[in-house]
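Asker: To be precise about what I am sending: the file is called target_1.txt and holds compact mmCIF, C-alpha atoms.
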```txt
# COMPACT_ATOMS: atom_id res chain seq x y z
CA MET K 10 -146.72 -56.85 -0.63
CA LEU K 11 -149.79 -55.77 -2.58
CA ASP K 12 -153.14 -57.18 -1.48
CA LYS K 13 -156.30 -58.47 -3.15
CA ASN K 14 -157.50 -54.90 -3.50
CA HIS K 15 -154.60 -54.10 -5.81
CA TYR K 16 -155.27 -54.11 -9.55
CA ASN K 17 -153.08 -53.47 -12.56
CA THR K 18 -155.72 -51.04 -13.80
CA ILE K 19 -158.73 -49.36 -12.26
CA ILE K 20 -161.19 -47.91 -14.74
CA ILE K 21 -163.51 -45.20 -13.43
CA GLY K 22 -166.70 -45.28 -15.48
CA ALA K 23 -168.65 -48.06 -17.18
CA GLY K 24 -169.94 -46.41 -20.33
CA PRO K 25 -168.75 -47.62 -23.76
CA ALA K 26 -165.23 -46.21 -23.20
CA GLY K 27 -164.77 -47.83 -19.79
CA LEU K 28 -166.30 -51.15 -20.78
CA THR K 29 -164.19 -51.33 -23.95
CA ALA K 30 -161.04 -50.66 -21.94
CA GLY K 31 -162.18 -53.35 -19.51
CA ILE K 32 -162.69 -55.85 -22.34
CA TYR K 33 -159.27 -55.19 -23.86
CA LEU K 34 -157.33 -55.22 -20.59
CA SER K 35 -158.97 -58.23 -18.97
CA ARG K 36 -158.63 -60.21 -22.21
CA ALA K 37 -154.90 -59.37 -22.09
CA LYS K 38 -154.84 -60.84 -18.54
CA VAL K 39 -154.35 -57.43 -16.96
CA ARG K 40 -156.09 -57.49 -13.57
CA THR K 41 -158.81 -54.88 -14.05
CA LEU K 42 -161.53 -53.33 -11.88
CA ILE K 43 -164.23 -51.02 -13.22
CA LEU K 44 -165.82 -48.66 -10.71
CA ASN K 45 -168.98 -46.88 -11.76
CA GLU K 46 -171.03 -44.32 -9.85
CA GLY K 47 -174.24 -45.09 -11.77
CA VAL K 48 -175.70 -48.00 -13.68
CA VAL K 49 -173.41 -49.79 -16.16
CA GLY K 50 -173.79 -48.34 -19.66
CA GLY K 51 -173.43 -44.61 -19.02
CA GLN K 52 -175.10 -42.28 -21.51
CA MET K 53 -175.38 -45.21 -23.93
CA ILE K 54 -178.12 -46.73 -21.78
CA LEU K 55 -180.18 -43.56 -22.28
CA THR K 56 -180.20 -44.03 -26.06
CA TYR K 57 -183.41 -45.64 -27.23
CA GLU K 58 -181.99 -46.99 -30.47
CA ILE K 59 -178.45 -47.14 -31.82
CA ALA K 60 -178.63 -47.67 -35.57
CA ASN K 61 -175.12 -46.61 -36.62
CA TYR K 62 -172.91 -48.90 -34.54
CA PRO K 63 -170.96 -50.86 -37.19
CA GLY K 64 -171.75 -54.55 -37.34
CA VAL K 65 -175.06 -54.16 -35.53
CA GLU K 66 -178.17 -53.23 -37.54
CA ALA K 67 -180.18 -51.62 -34.74
CA ILE K 68 -180.04 -52.16 -31.01
CA THR K 69 -181.18 -50.40 -27.87
CA GLY K 70 -178.52 -48.72 -25.76
CA TYR K 71 -179.57 -50.99 -22.90
CA GLU K 72 -178.93 -54.13 -24.93
CA LEU K 73 -175.57 -52.93 -26.26
CA SER K 74 -174.52 -51.99 -22.71
CA ASN K 75 -175.43 -55.46 -21.47
CA ILE K 76 -173.46 -57.14 -24.26
CA MET K 77 -170.36 -55.04 -23.50
CA LYS K 78 -170.73 -55.73 -19.78
CA LYS K 79 -171.04 -59.50 -20.35
CA GLN K 80 -168.00 -59.41 -22.65
CA ALA K 81 -165.91 -57.65 -20.01
CA LEU K 82 -167.05 -60.01 -17.23
CA SER K 83 -166.40 -63.06 -19.43
CA PHE K 84 -162.71 -62.09 -19.67
CA GLY K 85 -162.41 -61.72 -15.90
CA CYS K 86 -162.93 -57.99 -15.54
CA GLU K 87 -164.48 -57.05 -12.18
CA ILE K 88 -167.22 -54.42 -12.14
CA ARG K 89 -168.65 -52.53 -9.16
CA ALA K 90 -171.58 -50.27 -10.06
CA ASN K 91 -173.55 -47.70 -8.07
CA ILE K 92 -170.57 -46.89 -5.88
CA ARG K 93 -169.48 -43.43 -4.72
CA ILE K 94 -165.85 -42.35 -4.84
CA THR K 95 -164.82 -40.23 -1.86
CA ASP K 96 -161.08 -39.98 -2.44
CA LEU K 97 -158.74 -40.36 -5.37
CA SER K 98 -154.96 -40.27 -5.43
CA LEU K 99 -153.47 -40.14 -8.91
CA GLU K 100 -149.88 -39.06 -8.24
CA GLY K 101 -147.06 -41.54 -7.64
CA LYS K 102 -146.47 -45.08 -8.81
CA ILE K 103 -149.40 -46.55 -6.89
CA LYS K 104 -152.80 -44.92 -7.47
CA GLN K 105 -155.56 -45.18 -4.89
CA VAL K 106 -159.35 -44.96 -5.00
CA THR K 107 -161.47 -44.87 -1.82
CA LEU K 108 -165.21 -45.51 -1.81
CA ALA K 109 -167.94 -44.15 0.46
CA ASP K 110 -168.14 -47.49 2.29
CA GLY K 111 -164.47 -47.09 3.27
CA THR K 112 -163.09 -49.68 0.87
CA SER K 113 -159.83 -48.68 -0.81
CA PHE K 114 -158.37 -50.03 -4.03
CA THR K 115 -154.91 -49.45 -5.43
CA SER K 116 -153.58 -49.81 -8.95
CA ASP K 117 -150.60 -49.25 -11.24
CA THR K 118 -152.68 -47.33 -13.76
CA ILE K 119 -156.01 -45.58 -13.87
CA ILE K 120 -158.26 -44.99 -16.85
CA LEU K 121 -160.71 -42.16 -16.30
CA ALA K 122 -163.93 -42.66 -18.26
CA PRO K 123 -166.62 -40.99 -16.11
CA GLY K 124 -168.58 -39.76 -19.15
CA GLY K 125 -170.96 -36.84 -19.17
CA ARG K 126 -174.52 -35.87 -18.30
CA PRO K 127 -177.18 -33.75 -20.03
CA ARG K 128 -176.59 -30.05 -19.55
CA THR K 129 -179.40 -28.24 -17.76
CA ILE K 130 -180.47 -24.64 -18.40
CA GLY K 131 -179.97 -23.49 -14.82
CA ALA K 132 -183.15 -21.41 -14.95
CA ALA K 133 -185.32 -20.75 -11.91
CA GLY K 134 -187.79 -23.57 -11.28
CA GLU K 135 -185.95 -26.12 -13.43
CA ASP K 136 -185.37 -28.56 -10.56
CA ASP K 137 -188.92 -28.17 -9.26
CA PHE K 138 -190.55 -29.00 -12.60
CA LYS K 139 -188.29 -31.86 -13.69
CA GLY K 140 -190.79 -34.62 -14.55
CA ARG K 141 -193.63 -32.13 -14.11
CA GLY K 142 -193.36 -30.57 -17.53
CA ILE K 143 -189.59 -30.44 -18.02
CA SER K 144 -188.10 -33.46 -19.75
CA TYR K 145 -184.75 -34.42 -21.21
CA CYS K 146 -186.11 -37.43 -23.17
CA ALA K 147 -188.69 -37.10 -25.94
CA THR K 148 -188.96 -40.86 -26.41
CA CYS K 149 -189.80 -41.35 -22.73
CA ASP K 150 -192.18 -38.52 -22.03
CA GLY K 151 -193.50 -37.32 -25.41
CA ASP K 152 -196.93 -38.91 -25.02
CA PHE K 153 -197.65 -36.96 -21.82
CA PHE K 154 -197.87 -33.89 -24.07
CA THR K 155 -200.48 -35.17 -26.52
CA GLY K 156 -202.63 -32.26 -27.64
CA LYS K 157 -200.48 -29.76 -25.76
CA GLU K 158 -198.17 -26.88 -26.71
CA ILE K 159 -194.53 -27.25 -25.76
CA VAL K 160 -191.13 -25.64 -26.14
CA VAL K 161 -187.89 -27.37 -27.14
CA VAL K 162 -184.67 -25.73 -25.96
CA GLY K 163 -181.55 -26.07 -28.12
CA GLY K 164 -180.29 -25.74 -31.66
CA GLY K 165 -178.28 -28.89 -32.32
CA ASN K 166 -179.25 -32.14 -34.01
CA SER K 167 -180.94 -33.58 -30.92
CA ALA K 168 -183.07 -30.48 -30.38
CA LEU K 169 -184.30 -30.18 -33.95
CA GLU K 170 -184.81 -33.91 -34.54
CA GLU K 171 -186.70 -34.28 -31.26
CA ALA K 172 -188.74 -31.13 -32.00
CA VAL K 173 -189.98 -32.81 -35.18
CA SER K 174 -190.61 -36.15 -33.43
CA LEU K 175 -192.61 -34.38 -30.70
CA THR K 176 -195.07 -33.05 -33.31
CA LYS K 177 -196.53 -36.59 -33.24
CA TYR K 178 -197.99 -35.63 -29.86
CA ALA K 179 -197.95 -31.86 -29.41
CA THR K 180 -200.13 -29.46 -31.38
CA LYS K 181 -197.39 -26.82 -31.43
CA VAL K 182 -193.65 -27.05 -30.79
CA THR K 183 -191.65 -23.85 -30.31
CA VAL K 184 -187.87 -24.16 -30.55
CA VAL K 185 -186.08 -21.66 -28.29
CA HIS K 186 -182.42 -21.20 -29.21
CA GLN K 187 -179.78 -18.81 -27.92
CA PHE K 188 -178.21 -18.03 -31.31
CA ASP K 189 -179.60 -16.71 -34.62
CA HIS K 190 -178.49 -19.90 -36.40
CA PHE K 191 -178.55 -23.63 -35.65
CA GLN K 192 -175.62 -25.99 -35.05
CA ALA K 193 -177.59 -28.94 -36.42
CA TYR K 194 -176.93 -30.62 -39.76
CA GLU K 195 -178.73 -29.06 -42.72
CA HIS K 196 -181.14 -31.97 -43.19
CA ALA K 197 -182.33 -31.63 -39.56
CA ILE K 198 -182.80 -27.87 -39.97
CA GLU K 199 -184.75 -28.33 -43.20
CA GLU K 200 -186.99 -30.97 -41.69
CA ALA K 201 -187.79 -28.77 -38.69
CA ARG K 202 -188.37 -25.65 -40.81
CA SER K 203 -190.69 -27.50 -43.19
CA ASN K 204 -192.89 -28.84 -40.36
CA SER K 205 -195.90 -26.56 -39.93
CA LYS K 206 -196.21 -27.41 -36.22
CA VAL K 207 -192.66 -26.22 -35.46
CA ASN K 208 -192.02 -22.53 -34.67
CA PHE K 209 -188.80 -20.77 -33.72
CA ILE K 210 -187.75 -18.15 -31.20
CA LEU K 211 -184.09 -17.32 -31.83
CA ASP K 212 -181.48 -15.26 -29.97
CA SER K 213 -183.37 -16.18 -26.81
CA THR K 214 -183.12 -18.19 -23.64
CA ILE K 215 -185.48 -19.40 -20.92
CA THR K 216 -184.84 -17.70 -17.59
CA ALA K 217 -187.63 -19.20 -15.45
CA PHE K 218 -190.29 -21.91 -15.37
CA HIS K 219 -193.70 -21.24 -13.80
CA GLY K 220 -196.65 -23.42 -12.83
CA ASN K 221 -198.38 -25.28 -10.05
CA GLU K 222 -198.55 -29.09 -10.38
CA SER K 223 -196.88 -28.77 -13.79
CA ILE K 224 -195.53 -26.04 -16.06
CA THR K 225 -197.92 -23.41 -17.33
CA SER K 226 -195.44 -20.84 -18.69
CA VAL K 227 -191.80 -19.89 -19.08
CA ASP K 228 -189.99 -16.57 -19.05
CA ILE K 229 -188.11 -15.97 -22.29
CA LYS K 230 -185.37 -13.38 -22.59
CA ASN K 231 -184.22 -12.03 -25.95
CA LEU K 232 -180.44 -12.00 -25.67
CA LYS K 233 -180.01 -9.20 -28.25
CA SER K 234 -182.66 -6.74 -27.05
CA GLY K 235 -182.66 -7.79 -23.39
CA GLU K 236 -186.48 -7.90 -23.45
CA SER K 237 -188.17 -10.54 -21.27
CA TYR K 238 -191.69 -11.86 -21.57
CA GLU K 239 -193.91 -14.68 -20.32
CA PHE K 240 -194.67 -17.45 -22.81
CA LYS K 241 -197.55 -19.88 -22.18
CA THR K 242 -196.56 -23.51 -22.56
CA ASP K 243 -197.46 -26.94 -21.18
CA GLY K 244 -193.98 -28.39 -21.23
CA ALA K 245 -190.31 -27.97 -22.08
CA PHE K 246 -187.85 -30.44 -23.57
CA VAL K 247 -184.21 -29.54 -23.05
CA PHE K 248 -181.48 -30.65 -25.47
CA ILE K 249 -178.48 -28.37 -24.96
CA GLY K 250 -175.57 -30.78 -24.94
CA TYR K 251 -173.58 -32.51 -22.24
CA LEU K 252 -171.27 -31.66 -19.35
CA PRO K 253 -168.27 -33.84 -18.46
CA ASN K 254 -168.46 -35.62 -15.08
CA THR K 255 -165.08 -34.33 -13.99
CA GLU K 256 -165.82 -32.24 -10.88
CA PHE K 257 -164.06 -34.85 -8.73
CA LEU K 258 -160.88 -34.34 -10.77
CA VAL K 259 -160.55 -30.57 -10.31
CA GLY K 260 -157.06 -29.82 -8.98
CA LYS K 261 -155.92 -33.41 -9.50
CA LEU K 262 -154.96 -33.28 -13.18
CA GLU K 263 -155.11 -30.99 -16.21
CA LEU K 264 -158.61 -30.00 -17.37
CA ASN K 265 -159.48 -27.45 -20.03
CA LYS K 266 -161.81 -24.48 -19.45
CA ASN K 267 -164.83 -26.69 -20.22
CA GLY K 268 -163.82 -29.13 -17.49
CA GLU K 269 -162.75 -31.74 -20.05
CA ILE K 270 -159.63 -33.84 -19.47
CA THR K 271 -156.82 -32.98 -21.86
CA VAL K 272 -155.14 -36.03 -23.39
CA ASN K 273 -152.66 -36.76 -26.16
CA ALA K 274 -153.17 -39.25 -28.99
CA GLU K 275 -152.30 -42.11 -26.62
CA MET K 276 -155.06 -40.97 -24.22
CA GLU K 277 -152.37 -40.04 -21.69
CA THR K 278 -153.31 -37.30 -19.22
CA SER K 279 -150.93 -34.87 -17.52
CA ILE K 280 -150.07 -37.55 -14.92
CA PRO K 281 -147.96 -40.64 -15.76
CA GLY K 282 -150.00 -43.83 -15.56
CA VAL K 283 -153.32 -41.99 -15.74
CA PHE K 284 -155.28 -42.23 -18.98
CA ALA K 285 -158.69 -40.91 -19.99
CA ALA K 286 -161.28 -41.89 -22.59
CA GLY K 287 -164.80 -41.14 -23.79
CA ASP K 288 -167.06 -38.13 -23.30
CA CYS K 289 -164.93 -36.72 -20.45
CA ILE K 290 -161.99 -35.83 -22.70
CA ALA K 291 -161.51 -32.71 -24.80
CA LYS K 292 -162.63 -33.63 -28.31
CA ARG K 293 -165.12 -32.59 -30.94
CA TYR K 294 -167.19 -35.70 -31.64
CA ARG K 295 -168.99 -37.69 -28.96
CA GLN K 296 -170.42 -40.96 -30.22
CA VAL K 297 -170.54 -44.52 -28.90
CA THR K 298 -168.08 -45.43 -31.64
CA THR K 299 -165.61 -42.69 -30.70
CA ALA K 300 -165.85 -43.67 -27.02
CA VAL K 301 -165.11 -47.28 -27.97
CA GLY K 302 -162.08 -46.08 -29.97
CA ASP K 303 -160.84 -43.95 -27.06
CA GLY K 304 -161.29 -46.87 -24.67
CA THR K 305 -159.30 -49.16 -26.93
CA ILE K 306 -156.40 -46.73 -27.20
CA ALA K 307 -156.40 -46.03 -23.46
CA ALA K 308 -156.37 -49.76 -22.69
CA LEU K 309 -153.48 -50.47 -25.07
CA ALA K 310 -151.52 -47.49 -23.74
CA ALA K 311 -152.18 -48.52 -20.13
CA SER K 312 -151.08 -52.06 -20.94
CA GLY K 313 -147.86 -50.68 -22.45
CA TYR K 314 -147.29 -48.55 -19.35
CA ILE K 315 -147.69 -51.61 -17.09
CA ASP K 316 -145.23 -53.56 -19.28
CA SER K 317 -142.70 -50.75 -18.90
CA LEU K 318 -143.10 -50.84 -15.11
CA ILE K 319 -142.43 -54.60 -15.11
CA LYS K 320 -139.33 -54.16 -17.29
CA LYS K 321 -138.00 -51.48 -14.92
CA GLN K 322 -138.44 -53.84 -11.97
CA LYS K 323 -136.38 -56.59 -13.66
CA MET Z 81 -192.97 -57.24 -19.77
CA LEU Z 82 -190.25 -55.04 -18.33
CA GLN Z 83 -186.66 -56.22 -18.86
CA THR Z 84 -185.64 -56.24 -15.21
CA ASN Z 85 -184.69 -58.75 -12.55
CA LEU Z 86 -187.18 -57.19 -10.15
CA LYS Z 87 -190.44 -58.76 -9.09
CA HIS Z 88 -192.99 -57.92 -11.80
CA LEU Z 89 -196.45 -56.85 -10.66
CA MET Z 90 -199.03 -57.48 -13.39
CA LYS Z 91 -202.44 -56.96 -11.75
CA ALA Z 92 -203.92 -54.29 -9.50
CA ASP Z 93 -204.90 -57.04 -7.04
CA GLU Z 94 -201.32 -58.26 -6.97
CA HIS Z 95 -200.17 -54.69 -6.28
CA LYS Z 96 -202.69 -54.38 -3.42
CA LYS Z 97 -201.59 -57.68 -1.87
CA PHE Z 98 -197.91 -56.76 -2.24
CA ILE Z 99 -198.20 -53.43 -0.44
CA GLU Z 100 -200.47 -54.88 2.26
CA GLU Z 101 -198.29 -57.88 3.01
CA ASN Z 102 -195.01 -55.96 3.15
CA GLU Z 103 -194.22 -53.14 5.55
CA ASN Z 104 -191.85 -51.22 3.27
CA VAL Z 105 -192.30 -51.25 -0.49
CA MET Z 106 -190.74 -49.43 -3.44
CA ILE Z 107 -192.38 -49.83 -6.87
CA CYS Z 108 -191.10 -48.36 -10.13
CA CYS Z 109 -193.79 -47.87 -12.78
CA GLY Z 110 -192.23 -47.30 -16.18
CA ARG Z 111 -191.31 -48.63 -19.59
CA ASN Z 112 -188.27 -50.28 -21.13
CA GLY Z 113 -187.01 -46.76 -21.77
CA PRO Z 114 -183.85 -44.76 -21.16
CA MET Z 115 -185.09 -42.82 -18.14
CA CYS Z 116 -186.56 -45.91 -16.45
CA ILE Z 117 -183.83 -48.53 -16.96
CA PRO Z 118 -181.28 -46.78 -14.71
CA VAL Z 119 -183.85 -46.69 -11.87
CA TYR Z 120 -184.57 -50.44 -12.25
CA GLY Z 121 -180.80 -51.05 -12.18
CA ILE Z 122 -180.38 -49.08 -8.97
CA MET Z 123 -183.28 -50.97 -7.38
CA GLU Z 124 -181.72 -54.30 -8.36
CA ASP Z 125 -178.44 -53.21 -6.76
CA LEU Z 126 -180.18 -51.99 -3.59
CA GLU Z 127 -182.19 -55.19 -3.06
CA GLY Z 128 -179.17 -56.82 -1.42
CA THR Z 129 -178.57 -53.91 0.93
CA TYR Z 130 -182.10 -52.87 1.90
CA LYS Z 131 -183.38 -56.21 3.20
CA ASN Z 132 -186.15 -54.31 5.01
CA VAL Z 133 -187.66 -53.13 1.71
CA LYS Z 134 -189.45 -55.11 -1.00
CA PHE Z 135 -188.80 -53.91 -4.55
CA ALA Z 136 -191.00 -54.42 -7.62
CA ASP Z 137 -191.85 -52.95 -11.00
CA LEU Z 138 -195.10 -52.43 -12.86
CA GLU Z 139 -195.33 -51.70 -16.59
CA PHE Z 140 -196.68 -48.20 -17.20
CA ASP Z 141 -198.64 -49.23 -20.31
CA ASN Z 142 -200.41 -52.03 -18.45
CA PRO Z 143 -203.93 -50.67 -17.73
CA GLU Z 144 -203.64 -52.21 -14.24
CA SER Z 145 -200.95 -49.62 -13.46
CA SER Z 146 -203.74 -47.07 -13.02
CA VAL Z 147 -203.39 -47.81 -9.29
CA ILE Z 148 -200.15 -45.85 -9.48
CA ARG Z 149 -200.77 -43.55 -12.46
CA ASN Z 150 -204.00 -42.22 -10.90
CA ALA Z 151 -202.72 -41.93 -7.35
CA PRO Z 152 -203.27 -38.38 -6.03
CA GLU Z 153 -199.57 -38.23 -5.13
CA CYS Z 154 -198.72 -38.67 -8.84
CA ARG Z 155 -200.95 -35.85 -10.04
CA GLY Z 156 -199.02 -33.54 -12.35
CA PHE Z 157 -196.37 -36.16 -13.08
CA MET Z 158 -195.25 -35.93 -16.74
CA GLY Z 159 -192.01 -37.86 -16.69
CA LEU Z 160 -191.29 -41.58 -16.54
CA PRO Z 161 -190.80 -43.51 -14.40
CA PHE Z 162 -193.31 -42.91 -11.61
CA THR Z 163 -191.64 -44.32 -8.50
CA VAL Z 164 -193.77 -44.87 -5.42
CA TYR Z 165 -192.96 -45.85 -1.85
CA TYR Z 166 -195.45 -47.52 0.53
CA LYS Z 167 -195.32 -47.91 4.31
CA ASN Z 168 -197.85 -50.36 5.77
CA GLY Z 169 -199.91 -50.16 2.58
CA LYS Z 170 -199.98 -46.36 2.51
CA LEU Z 171 -198.29 -44.35 -0.23
CA VAL Z 172 -195.78 -42.14 1.60
CA LYS Z 173 -193.61 -40.76 -1.22
CA ALA Z 174 -193.73 -40.51 -5.02
CA THR Z 175 -191.20 -39.22 -7.54
CA THR Z 176 -191.33 -38.57 -11.27
CA SER Z 177 -188.62 -38.99 -13.91
CA ILE Z 178 -185.14 -40.48 -13.55
CA GLN Z 179 -183.59 -40.55 -10.06
CA ASN Z 180 -180.02 -41.33 -9.09
CA GLU Z 181 -178.95 -43.73 -6.36
CA GLN Z 182 -178.38 -40.98 -3.83
CA GLN Z 183 -181.87 -39.56 -4.36
CA ILE Z 184 -183.39 -43.03 -3.96
CA THR Z 185 -181.41 -44.01 -0.87
CA THR Z 186 -182.23 -40.67 0.74
CA ILE Z 187 -185.93 -41.51 0.42
CA LEU Z 188 -185.46 -45.13 1.54
CA ASP Z 189 -183.49 -44.01 4.61
CA ALA Z 190 -186.00 -41.31 5.49
CA GLU Z 191 -189.15 -43.39 5.01
CA PHE Z 192 -188.01 -46.87 6.00
CA GLY Z 193 -184.81 -46.37 8.01
CA LYS Z 194 -181.20 -47.09 7.14
CA PRO Z 195 -180.37 -50.74 6.42
```
Hey, can you dump this file as structure tokens for me?

Answerer:
Amino acid sequence: MLDKNHYNTIIIGAGPAGLTAGIYLSRAKVRTLILNEGVVGGQMILTYEIANYPGVEAITGYELSNIMKKQALSFGCEIRANIRITDLSLEGKIKQVTLADGTSFTSDTIILAPGGRPRTIGAAGEDDFKGRGISYCATCDGDFFTGKEIVVVGGGNSALEEAVSLTKYATKVTVVHQFDHFQAYEHAIEEARSNSKVNFILDSTITAFHGNESITSVDIKNLKSGESYEFKTDGAFVFIGYLPNTEFLVGKLELNKNGEITVNAEMETSIPGVFAAGDCIAKRYRQVTTAVGDGTIAALAASGYIDSLIKKQK
Amino acid sequence: MLQTNLKHLMKADEHKKFIEENENVMICCGRNGPMCIPVYGIMEDLEGTYKNVKFADLEFDNPESSVIRNAPECRGFMGLPFTVYYKNGKLVKATTSIQNEQQITTILDAEFGKP
């Protein structure tokens, strides 16, 4: 007999994908538990303003997260945040998740939606100077650099848009990018190029951060010539994409070379009864709206899987 | 005012009284921003577990927060939030920028003991 710790579906992750799946499943009276290693909202909570979520004019990521969370709870979904998963068993008919406090939960299906996290450079000194000159959020920390010279690392939309926004504070912004071209949309490139405070160092990467209480310089290496030199700067903002939070899944199901979970159009993974959604899956576009879409599909597919299990039992 | 369920400190005097009257204190000084909100959320979750610690927030843009912003332990900090830990009224640990639950509980356990 299955106990109170058994659920029809356990969702791992409470970003937009996980919360959407939770809303759909609990509304369909599927007993659902969401387990989340951080604060509910995932990367969405780190977004200052979301202006392109259909049906909502402009909202903070925090507010949208809270609305989704309330929706899920209102339908009976259970949520446990700030937990740590120590063991996960995906094979077989009954899946099992064990937490650091020793509690175990079982389920018929699992939806993996652990999301991603900002990619770091991996250069020497990066950990030491986080918050002491290195930042991953222009909105949060931009004003600490008023009247200072800074570097922005990256060549995508976030990097170029934030480089321009940081000129409100900094006297000079130097964009350091590993390629000779940018991945950003043309309008973002044009805006950055036309801003007199923005300079560019291309084909280059930062290999080390130096300073005392805060950053005073970085080492820049030209990837074509191999030449390295010290570059004076008061701060560095890093916008070089995201990494999927899938380390705990290595060896348990199929991941691609980037560590992303491979799924089909039904969000099914390589293991029956295990689905995945959101920023952790292999896909091109990562938006709140795409995560919501993934979560919806995963929930409907998981619900169908549970129905098929019930039919087999009859 | 910060959008949290934590105790809000508004005045420097209130801050002084809070750290003097409570043996173990953790205060997060930040804004309603993306790097700060996760830390407030973790603190709210930990309040139930760490009964031996008093948790509070203080808005970074409130001039009264200078008691934290100008603390010697926060010199060189350039990332929100500034999170400070007090033992018997004395600042014993300070961190800058976002922290995860494990980083926070490691400090709480080391400075104030495991719950």

Asker: Counting all atoms listed in the file, which residues have an atom no more than 10 Å from (-182.1, -47.7, -14.3) in the file's coordinates? Please list them as a list in words.

Answerer: Gly47, Val48, Val49, Gly50, Ile54, Leu55 and Tyr71 of chain K; Thr84, Cys108, Asn112, Gly113, Pro114, Met115, Cys116, Ile117, Pro118, Val119, Tyr120, Gly121, Ile122, Met123, Glu124, Pro161, Ile178, Gln179, Asn180 and Glu181 of chain Z

Asker: Output C-alpha atoms of each residue in that selection to a file, as a short mmCIF file (atom, residue, chain, number, x, y, z; two decimals), in the coordinates of the input.

Answerer:
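Output contents, as saved in result22.cif:
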```cif
data_model
loop_
_atom_site.label_atom_id
_atom_site.label_comp_id
_atom_site.auth_asym_id
_atom_site.auth_seq_id
_atom_site.Cartn_x
_atom_site.Cartn_y
_atom_site.Cartn_z
CA GLY K 47 -174.24 -45.09 -11.77
CA VAL K 48 -175.70 -48.00 -13.68
CA VAL K 49 -173.41 -49.79 -16.16
CA GLY K 50 -173.79 -48.34 -19.66
CA ILE K 54 -178.12 -46.73 -21.78
CA LEU K 55 -180.18 -43.56 -22.28
CA TYR K 71 -179.57 -50.99 -22.90
CA THR Z 84 -185.64 -56.24 -15.21
CA CYS Z 108 -191.10 -48.36 -10.13
CA ASN Z 112 -188.27 -50.28 -21.13
CA GLY Z 113 -187.01 -46.76 -21.77
CA PRO Z 114 -183.85 -44.76 -21.16
CA MET Z 115 -185.09 -42.82 -18.14
CA CYS Z 116 -186.56 -45.91 -16.45
CA ILE Z 117 -183.83 -48.53 -16.96
CA PRO Z 118 -181.28 -46.78 -14.71
CA VAL Z 119 -183.85 -46.69 -11.87
CA TYR Z 120 -184.57 -50.44 -12.25
CA GLY Z 121 -180.80 -51.05 -12.18
CA ILE Z 122 -180.38 -49.08 -8.97
CA MET Z 123 -183.28 -50.97 -7.38
CA GLU Z 124 -181.72 -54.30 -8.36
CA PRO Z 161 -190.80 -43.51 -14.40
CA ILE Z 178 -185.14 -40.48 -13.55
CA GLN Z 179 -183.59 -40.55 -10.06
CA ASN Z 180 -180.02 -41.33 -9.09
CA GLU Z 181 -178.95 -43.73 -6.36
#
```

Asker: Could you check how far CA of Glu100 in chain K sits from CA of Arg36 in chain K, in Å to one decimal?

Answerer: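 Distance between the two atoms: 26.8 Å.
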
Asker: Compare K:Gly304, K:Gly151, K:Gly85, K:Gly282 by their minimum atom-to-atom distance to Asp316 in chain K, counting all atoms listed in the file, and give me the closest one.

Answerer: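 The answer is K:Gly282, which sits nearest to Asp316 in chain K.
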
Asker: Closest to chain Z among K:Thr56, K:Asn208, K:Ser203, K:Thr118, using all atoms listed in the file?

Answerer: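 Closest to chain Z of all the choices is K:Thr56.
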
Asker: Hey, list the chain K side of the contact with chain Z: 6 Å cut-off, all atoms listed in the file, answer as a PDB file with C-alpha atoms, keeping the file's coordinate frame.

Answerer:
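And here is the file that came out, part.pdb:
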```pdb
ATOM      1  CA  VAL K  48    -175.700 -48.000 -13.680  1.00  0.00           C
ATOM      2  CA  LEU K  55    -180.180 -43.560 -22.280  1.00  0.00           C
ATOM      3  CA  GLY K 140    -190.790 -34.620 -14.550  1.00  0.00           C
ATOM      4  CA  ARG K 141    -193.630 -32.130 -14.110  1.00  0.00           C
ATOM      5  CA  GLY K 142    -193.360 -30.570 -17.530  1.00  0.00           C
ATOM      6  CA  ASP K 150    -192.180 -38.520 -22.030  1.00  0.00           C
ATOM      7  CA  PHE K 153    -197.650 -36.960 -21.820  1.00  0.00           C
ATOM      8  CA  GLU K 222    -198.550 -29.090 -10.380  1.00  0.00           C
ATOM      9  CA  SER K 223    -196.880 -28.770 -13.790  1.00  0.00           C
TER      10      SER K 223
END
```

Asker: Env of Lys79 in chain K: 12 Å cut, atoms = all atoms listed in the file, seq-sep filter 2 positions within chain, self excluded. Answer as number ranges by chain.

Answerer: K: 28-29, 31-32, 49-50, 72-77, 81-88

Asker: Using only C-alpha atoms for the distances, tell me which of K:Ile159, K:Val259, K:Ala132, K:Ile306 is nearest to Asp243 in chain K.

Answerer: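 With only C-alpha atoms as the atom set, the closest residue is K:Ile159.
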
Asker: Any chance you could build range 153-157 of chain K out to N, CA and C atoms and write it as a tab-separated table (two decimals), in the frame of the given file?

Answerer:
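Below is the file that was written, rebuild_17.tsv:
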```
chain	number	residue	atom	x	y	z
K	153	PHE	N	-196.97	-37.73	-22.87
K	153	PHE	CA	-197.65	-36.96	-21.82
K	153	PHE	C	-198.11	-35.60	-22.37
K	154	PHE	N	-197.60	-35.23	-23.53
K	154	PHE	CA	-197.87	-33.89	-24.07
K	154	PHE	C	-198.78	-33.95	-25.30
K	155	THR	N	-199.54	-35.03	-25.41
K	155	THR	CA	-200.48	-35.17	-26.52
K	155	THR	C	-201.52	-34.06	-26.46
K	156	GLY	N	-201.65	-33.34	-27.56
K	156	GLY	CA	-202.63	-32.26	-27.64
K	156	GLY	C	-202.20	-30.98	-26.93
K	157	LYS	N	-200.95	-30.94	-26.50
K	157	LYS	CA	-200.48	-29.76	-25.76
K	157	LYS	C	-199.47	-28.94	-26.58
```
